[in-house]
Amino acid sequence: MTAPLIYTPAHPRIDASNAGVAENDIQQLFAQSASGSLLIDLSGVGYLSSAGLRVLLIAAKTAKLRGGKVAIASPQPSVKDIIVMSGFDKLIAICSDRAAGLASLQA
């Protein structure tokens, strides 16, 4: 099994102004690896808009097509609330830290 990829957003917000960059970064990670699974570390992200949710959805769909899955590590409470309220927690595992996220991807 190939080790999961890890993506840490460079910005403290994922919104319409930079969602395209985040999406492109994630797609580049997938293109450069045989891995189908991705851990997104949101510990440094304090705001996630609908554009950010779209980034998560596209990452999950890409991972699924590659036979993998996506997990989110260390989301701040406000970001976790947005993910849960949108129902995305049904598609993407939310984990307390990187170690838990990596474990969920390798299970």
# chains A, B, ... in the order shown; residues from 1 in each chain; ligands from 1
call {"tool": "select_by_dssp", "arguments": {"residues": "region 19-55 of chain A", "states": "alpha helix (DSSP H)", "output": "list in words"}}
result
Ala19, Gly20, Val21, Ala22, Glu23, Asn24, Asp25, Ile26, Gln27, Gln28, Leu29, Phe30, Ala31, Ser50, Ala51, Gly52, Leu53, Arg54 and Val55 of chain A
call {"tool": "write_last_selection", "arguments": {"atoms": "C-alpha atoms", "output": "short mmCIF file (atom, residue, chain, number, x, y, z; two decimals), in the first residue's frame"}}
result
data_model
loop_
_atom_site.label_atom_id
_atom_site.label_comp_id
_atom_site.auth_asym_id
_atom_site.auth_seq_id
_atom_site.Cartn_x
_atom_site.Cartn_y
_atom_site.Cartn_z
CA ALA A 19 -9.74 27.79 -3.49
CA GLY A 20 -8.44 27.36 -7.03
CA VAL A 21 -4.87 27.31 -5.73
CA ALA A 22 -5.75 24.71 -3.09
CA GLU A 23 -7.56 22.56 -5.66
CA ASN A 24 -4.62 22.79 -8.05
CA ASP A 25 -2.12 21.93 -5.29
CA ILE A 26 -4.12 18.83 -4.36
CA GLN A 27 -4.48 17.70 -7.98
CA GLN A 28 -0.70 18.15 -8.45
CA LEU A 29 -0.05 15.96 -5.39
CA PHE A 30 -2.24 13.23 -6.86
CA ALA A 31 -0.59 13.57 -10.28
CA SER A 50 -18.44 27.00 0.18
CA ALA A 51 -15.55 27.26 -2.27
CA GLY A 52 -13.39 25.47 0.30
CA LEU A 53 -16.02 22.78 0.69
CA ARG A 54 -15.90 22.30 -3.07
CA VAL A 55 -12.13 21.72 -2.80
#
call {"tool": "residues_around", "arguments": {"residues": "region 58-70 of chain A", "least_positions_apart": "5", "cutoff": "6 Å", "atoms": "only C-alpha atoms", "output": "list in words"}}
result
Gly36, Ser37, Leu38, Leu39 and Ile92 of chain A
call {"tool": "select_by_dssp", "arguments": {"residues": "chain A", "states": "strand (DSSP E)", "output": "ChimeraX atom specification"}}
result
/A:5-7,13-14,38-41,47-48,70-73,93-95
call {"tool": "write_last_selection", "arguments": {"atoms": "all heavy atoms", "output": "short mmCIF file (atom, residue, chain, number, x, y, z; two decimals), in the first residue's frame"}}
result
data_model
loop_
_atom_site.label_atom_id
_atom_site.label_comp_id
_atom_site.auth_asym_id
_atom_site.auth_seq_id
_atom_site.Cartn_x
_atom_site.Cartn_y
_atom_site.Cartn_z
N LEU A 5 -0.92 10.69 0.81
CA LEU A 5 -0.39 12.03 0.59
C LEU A 5 -0.84 12.93 1.73
O LEU A 5 -1.86 12.66 2.37
CB LEU A 5 -0.92 12.58 -0.74
CG LEU A 5 -0.59 11.76 -1.98
CD1 LEU A 5 -1.45 12.21 -3.15
CD2 LEU A 5 0.88 11.88 -2.31
N ILE A 6 -0.10 14.00 1.99
CA ILE A 6 -0.48 14.97 3.02
C ILE A 6 -0.49 16.36 2.39
O ILE A 6 0.48 16.76 1.75
CB ILE A 6 0.47 14.93 4.22
CG1 ILE A 6 0.45 13.56 4.88
CG2 ILE A 6 0.10 16.02 5.23
CD1 ILE A 6 1.45 13.38 6.00
N TYR A 7 -1.59 17.06 2.58
CA TYR A 7 -1.71 18.44 2.08
C TYR A 7 -2.01 19.36 3.26
O TYR A 7 -2.95 19.12 4.02
CB TYR A 7 -2.83 18.56 1.04
CG TYR A 7 -3.08 19.98 0.62
CD1 TYR A 7 -2.12 20.69 -0.09
CD2 TYR A 7 -4.27 20.62 0.93
CE1 TYR A 7 -2.34 22.01 -0.46
CE2 TYR A 7 -4.50 21.93 0.55
CZ TYR A 7 -3.52 22.62 -0.15
OH TYR A 7 -3.74 23.91 -0.51
N ARG A 13 -7.28 30.75 5.41
CA ARG A 13 -8.66 30.73 4.93
C ARG A 13 -8.68 29.99 3.59
O ARG A 13 -7.79 30.17 2.78
CB ARG A 13 -9.18 32.15 4.68
CG ARG A 13 -9.22 33.04 5.88
CD ARG A 13 -9.51 34.50 5.50
NE ARG A 13 -10.74 34.67 4.76
CZ ARG A 13 -11.91 34.97 5.31
NH1 ARG A 13 -12.01 35.15 6.60
NH2 ARG A 13 -12.99 35.12 4.57
N ILE A 14 -9.71 29.18 3.39
CA ILE A 14 -9.93 28.61 2.06
C ILE A 14 -11.27 29.15 1.60
O ILE A 14 -12.33 28.76 2.11
CB ILE A 14 -9.91 27.08 2.06
CG1 ILE A 14 -8.59 26.55 2.61
CG2 ILE A 14 -10.12 26.57 0.63
CD1 ILE A 14 -8.51 25.04 2.70
N LEU A 38 -5.46 10.75 0.68
CA LEU A 38 -4.96 12.09 0.99
C LEU A 38 -5.42 12.51 2.38
O LEU A 38 -6.60 12.41 2.72
CB LEU A 38 -5.50 13.10 -0.04
CG LEU A 38 -5.22 14.57 0.21
CD1 LEU A 38 -3.74 14.88 0.06
CD2 LEU A 38 -6.03 15.43 -0.75
N LEU A 39 -4.47 13.00 3.17
CA LEU A 39 -4.77 13.60 4.46
C LEU A 39 -4.66 15.12 4.29
O LEU A 39 -3.64 15.61 3.84
CB LEU A 39 -3.79 13.13 5.53
CG LEU A 39 -3.98 13.76 6.91
CD1 LEU A 39 -5.29 13.29 7.52
CD2 LEU A 39 -2.81 13.43 7.81
N ILE A 40 -5.73 15.83 4.61
CA ILE A 40 -5.72 17.29 4.54
C ILE A 40 -5.63 17.82 5.97
O ILE A 40 -6.54 17.62 6.76
CB ILE A 40 -6.98 17.82 3.84
CG1 ILE A 40 -7.09 17.24 2.43
CG2 ILE A 40 -6.95 19.35 3.79
CD1 ILE A 40 -8.38 17.60 1.69
N ASP A 41 -4.52 18.46 6.28
CA ASP A 41 -4.28 18.99 7.62
C ASP A 41 -4.84 20.41 7.67
O ASP A 41 -4.28 21.33 7.08
CB ASP A 41 -2.79 18.99 7.93
CG ASP A 41 -2.47 19.44 9.34
OD1 ASP A 41 -3.31 20.14 9.96
OD2 ASP A 41 -1.38 19.13 9.82
N TYR A 47 -11.00 29.45 8.54
CA TYR A 47 -12.24 29.76 7.81
C TYR A 47 -12.31 28.91 6.56
O TYR A 47 -11.33 28.78 5.81
CB TYR A 47 -12.29 31.24 7.43
CG TYR A 47 -13.53 31.59 6.62
CD1 TYR A 47 -14.77 31.71 7.23
CD2 TYR A 47 -13.45 31.76 5.25
CE1 TYR A 47 -15.90 32.01 6.49
CE2 TYR A 47 -14.58 32.07 4.50
CZ TYR A 47 -15.80 32.19 5.13
OH TYR A 47 -16.92 32.48 4.41
N LEU A 48 -13.47 28.33 6.31
CA LEU A 48 -13.72 27.50 5.13
C LEU A 48 -15.05 27.93 4.54
O LEU A 48 -16.09 27.81 5.18
CB LEU A 48 -13.76 26.03 5.55
CG LEU A 48 -13.83 24.98 4.47
CD1 LEU A 48 -12.49 24.89 3.74
CD2 LEU A 48 -14.16 23.63 5.08
N VAL A 70 -10.13 10.27 1.51
CA VAL A 70 -9.60 11.50 2.10
C VAL A 70 -9.98 11.55 3.56
O VAL A 70 -11.08 11.12 3.95
CB VAL A 70 -10.16 12.75 1.37
CG1 VAL A 70 -9.78 14.04 2.08
CG2 VAL A 70 -9.67 12.79 -0.07
N ALA A 71 -9.08 12.07 4.38
CA ALA A 71 -9.36 12.34 5.78
C ALA A 71 -8.89 13.76 6.09
O ALA A 71 -7.97 14.27 5.44
CB ALA A 71 -8.66 11.34 6.69
N ILE A 72 -9.55 14.37 7.05
CA ILE A 72 -9.18 15.70 7.50
C ILE A 72 -8.59 15.58 8.89
O ILE A 72 -9.16 14.90 9.75
CB ILE A 72 -10.40 16.63 7.52
CG1 ILE A 72 -10.89 16.86 6.10
CG2 ILE A 72 -10.07 17.95 8.22
CD1 ILE A 72 -12.23 17.55 6.02
N ALA A 73 -7.46 16.24 9.11
CA ALA A 73 -6.82 16.22 10.42
C ALA A 73 -6.86 17.61 11.06
O ALA A 73 -6.70 18.62 10.38
CB ALA A 73 -5.36 15.78 10.29
N ALA A 93 -13.59 11.46 6.60
CA ALA A 93 -13.34 11.27 8.03
C ALA A 93 -12.71 12.52 8.62
O ALA A 93 -11.81 13.12 8.01
CB ALA A 93 -12.42 10.08 8.24
N ILE A 94 -13.19 12.92 9.77
CA ILE A 94 -12.60 14.05 10.50
C ILE A 94 -11.85 13.46 11.69
O ILE A 94 -12.45 12.77 12.52
CB ILE A 94 -13.68 15.04 10.98
CG1 ILE A 94 -14.46 15.58 9.79
CG2 ILE A 94 -13.04 16.17 11.77
CD1 ILE A 94 -15.62 16.47 10.18
N CYS A 95 -10.56 13.75 11.76
CA CYS A 95 -9.70 13.16 12.79
C CYS A 95 -9.06 14.25 13.65
O CYS A 95 -8.82 15.36 13.18
CB CYS A 95 -8.62 12.32 12.13
SG CYS A 95 -9.32 11.03 11.05
#
call {"tool": "closest_residue", "arguments": {"among": "A:Val45, A:Leu57, A:Ala107, A:Val79", "to": "Leu91 (chain A)", "atoms": "only C-alpha atoms"}}
result
A:Leu57
call {"tool": "atom_distance", "arguments": {"atom1": "CA of Gly46 (chain A)", "atom2": "CA of Pro75 (chain A)"}}
result
8.2 Å
call {"tool": "closest_residue", "arguments": {"among": "A:Ser35, A:Thr2, A:Asn18, A:Ser96", "to": "Lys80 (chain A)", "atoms": "only C-alpha atoms"}}
result
A:Ser96
call {"tool": "decode", "arguments": {"residues": "region 26-50 of chain A", "atoms": "N, CA and C atoms", "output": "PDB file, in the first residue's frame"}}
result
ATOM      1  N   ILE A  26      -3.704  20.202  -4.658  1.00  0.00           N
ATOM      2  CA  ILE A  26      -4.124  18.828  -4.359  1.00  0.00           C
ATOM      3  C   ILE A  26      -4.052  17.959  -5.619  1.00  0.00           C
ATOM      4  N   GLN A  27      -4.525  18.480  -6.738  1.00  0.00           N
ATOM      5  CA  GLN A  27      -4.475  17.701  -7.979  1.00  0.00           C
ATOM      6  C   GLN A  27      -3.032  17.415  -8.392  1.00  0.00           C
ATOM      7  N   GLN A  28      -2.133  18.366  -8.138  1.00  0.00           N
ATOM      8  CA  GLN A  28      -0.699  18.153  -8.447  1.00  0.00           C
ATOM      9  C   GLN A  28      -0.125  17.045  -7.568  1.00  0.00           C
ATOM     10  N   LEU A  29      -0.510  17.033  -6.286  1.00  0.00           N
ATOM     11  CA  LEU A  29      -0.055  15.960  -5.394  1.00  0.00           C
ATOM     12  C   LEU A  29      -0.492  14.600  -5.929  1.00  0.00           C
ATOM     13  N   PHE A  30      -1.750  14.492  -6.310  1.00  0.00           N
ATOM     14  CA  PHE A  30      -2.242  13.226  -6.857  1.00  0.00           C
ATOM     15  C   PHE A  30      -1.496  12.860  -8.137  1.00  0.00           C
ATOM     16  N   ALA A  31      -1.241  13.838  -8.995  1.00  0.00           N
ATOM     17  CA  ALA A  31      -0.586  13.565 -10.277  1.00  0.00           C
ATOM     18  C   ALA A  31       0.847  13.080 -10.099  1.00  0.00           C
ATOM     19  N   GLN A  32       1.475  13.476  -9.006  1.00  0.00           N
ATOM     20  CA  GLN A  32       2.888  13.129  -8.788  1.00  0.00           C
ATOM     21  C   GLN A  32       3.081  11.869  -7.957  1.00  0.00           C
ATOM     22  N   SER A  33       2.012  11.164  -7.654  1.00  0.00           N
ATOM     23  CA  SER A  33       2.114   9.998  -6.778  1.00  0.00           C
ATOM     24  C   SER A  33       1.165   8.895  -7.232  1.00  0.00           C
ATOM     25  N   ALA A  34       1.503   7.684  -6.833  1.00  0.00           N
ATOM     26  CA  ALA A  34       0.610   6.548  -7.100  1.00  0.00           C
ATOM     27  C   ALA A  34      -0.443   6.412  -6.009  1.00  0.00           C
ATOM     28  N   SER A  35      -0.288   7.159  -4.928  1.00  0.00           N
ATOM     29  CA  SER A  35      -1.224   7.053  -3.813  1.00  0.00           C
ATOM     30  C   SER A  35      -2.604   7.561  -4.205  1.00  0.00           C
ATOM     31  N   GLY A  36      -3.617   6.898  -3.661  1.00  0.00           N
ATOM     32  CA  GLY A  36      -4.987   7.338  -3.899  1.00  0.00           C
ATOM     33  C   GLY A  36      -5.587   8.032  -2.700  1.00  0.00           C
ATOM     34  N   SER A  37      -4.876   8.013  -1.561  1.00  0.00           N
ATOM     35  CA  SER A  37      -5.421   8.587  -0.336  1.00  0.00           C
ATOM     36  C   SER A  37      -4.711   9.878   0.035  1.00  0.00           C
ATOM     37  N   LEU A  38      -5.464  10.753   0.681  1.00  0.00           N
ATOM     38  CA  LEU A  38      -4.960  12.093   0.994  1.00  0.00           C
ATOM     39  C   LEU A  38      -5.416  12.511   2.384  1.00  0.00           C
ATOM     40  N   LEU A  39      -4.469  13.004   3.169  1.00  0.00           N
ATOM     41  CA  LEU A  39      -4.771  13.605   4.464  1.00  0.00           C
ATOM     42  C   LEU A  39      -4.664  15.116   4.294  1.00  0.00           C
ATOM     43  N   ILE A  40      -5.727  15.825   4.612  1.00  0.00           N
ATOM     44  CA  ILE A  40      -5.720  17.290   4.537  1.00  0.00           C
ATOM     45  C   ILE A  40      -5.625  17.817   5.967  1.00  0.00           C
ATOM     46  N   ASP A  41      -4.516  18.456   6.282  1.00  0.00           N
ATOM     47  CA  ASP A  41      -4.281  18.995   7.620  1.00  0.00           C
ATOM     48  C   ASP A  41      -4.837  20.414   7.669  1.00  0.00           C
ATOM     49  N   LEU A  42      -5.944  20.585   8.371  1.00  0.00           N
ATOM     50  CA  LEU A  42      -6.599  21.901   8.447  1.00  0.00           C
ATOM     51  C   LEU A  42      -6.300  22.629   9.755  1.00  0.00           C
ATOM     52  N   SER A  43      -5.245  22.241  10.450  1.00  0.00           N
ATOM     53  CA  SER A  43      -4.925  22.855  11.738  1.00  0.00           C
ATOM     54  C   SER A  43      -4.689  24.361  11.634  1.00  0.00           C
ATOM     55  N   GLY A  44      -4.203  24.832  10.503  1.00  0.00           N
ATOM     56  CA  GLY A  44      -3.917  26.248  10.327  1.00  0.00           C
ATOM     57  C   GLY A  44      -5.012  27.025   9.618  1.00  0.00           C
ATOM     58  N   VAL A  45      -6.143  26.376   9.350  1.00  0.00           N
ATOM     59  CA  VAL A  45      -7.232  27.013   8.610  1.00  0.00           C
ATOM     60  C   VAL A  45      -8.346  27.393   9.589  1.00  0.00           C
ATOM     61  N   GLY A  46      -8.625  28.698   9.643  1.00  0.00           N
ATOM     62  CA  GLY A  46      -9.658  29.189  10.544  1.00  0.00           C
ATOM     63  C   GLY A  46     -10.977  29.491   9.878  1.00  0.00           C
ATOM     64  N   TYR A  47     -11.004  29.454   8.537  1.00  0.00           N
ATOM     65  CA  TYR A  47     -12.240  29.761   7.808  1.00  0.00           C
ATOM     66  C   TYR A  47     -12.313  28.907   6.557  1.00  0.00           C
ATOM     67  N   LEU A  48     -13.474  28.325   6.312  1.00  0.00           N
ATOM     68  CA  LEU A  48     -13.719  27.504   5.135  1.00  0.00           C
ATOM     69  C   LEU A  48     -15.051  27.933   4.536  1.00  0.00           C
ATOM     70  N   SER A  49     -15.016  28.444   3.307  1.00  0.00           N
ATOM     71  CA  SER A  49     -16.253  28.871   2.637  1.00  0.00           C
ATOM     72  C   SER A  49     -16.797  27.731   1.792  1.00  0.00           C
ATOM     73  N   SER A  50     -17.882  28.009   1.087  1.00  0.00           N
ATOM     74  CA  SER A  50     -18.441  26.997   0.185  1.00  0.00           C
ATOM     75  C   SER A  50     -17.433  26.623  -0.902  1.00  0.00           C
TER      76      SER A  50
END
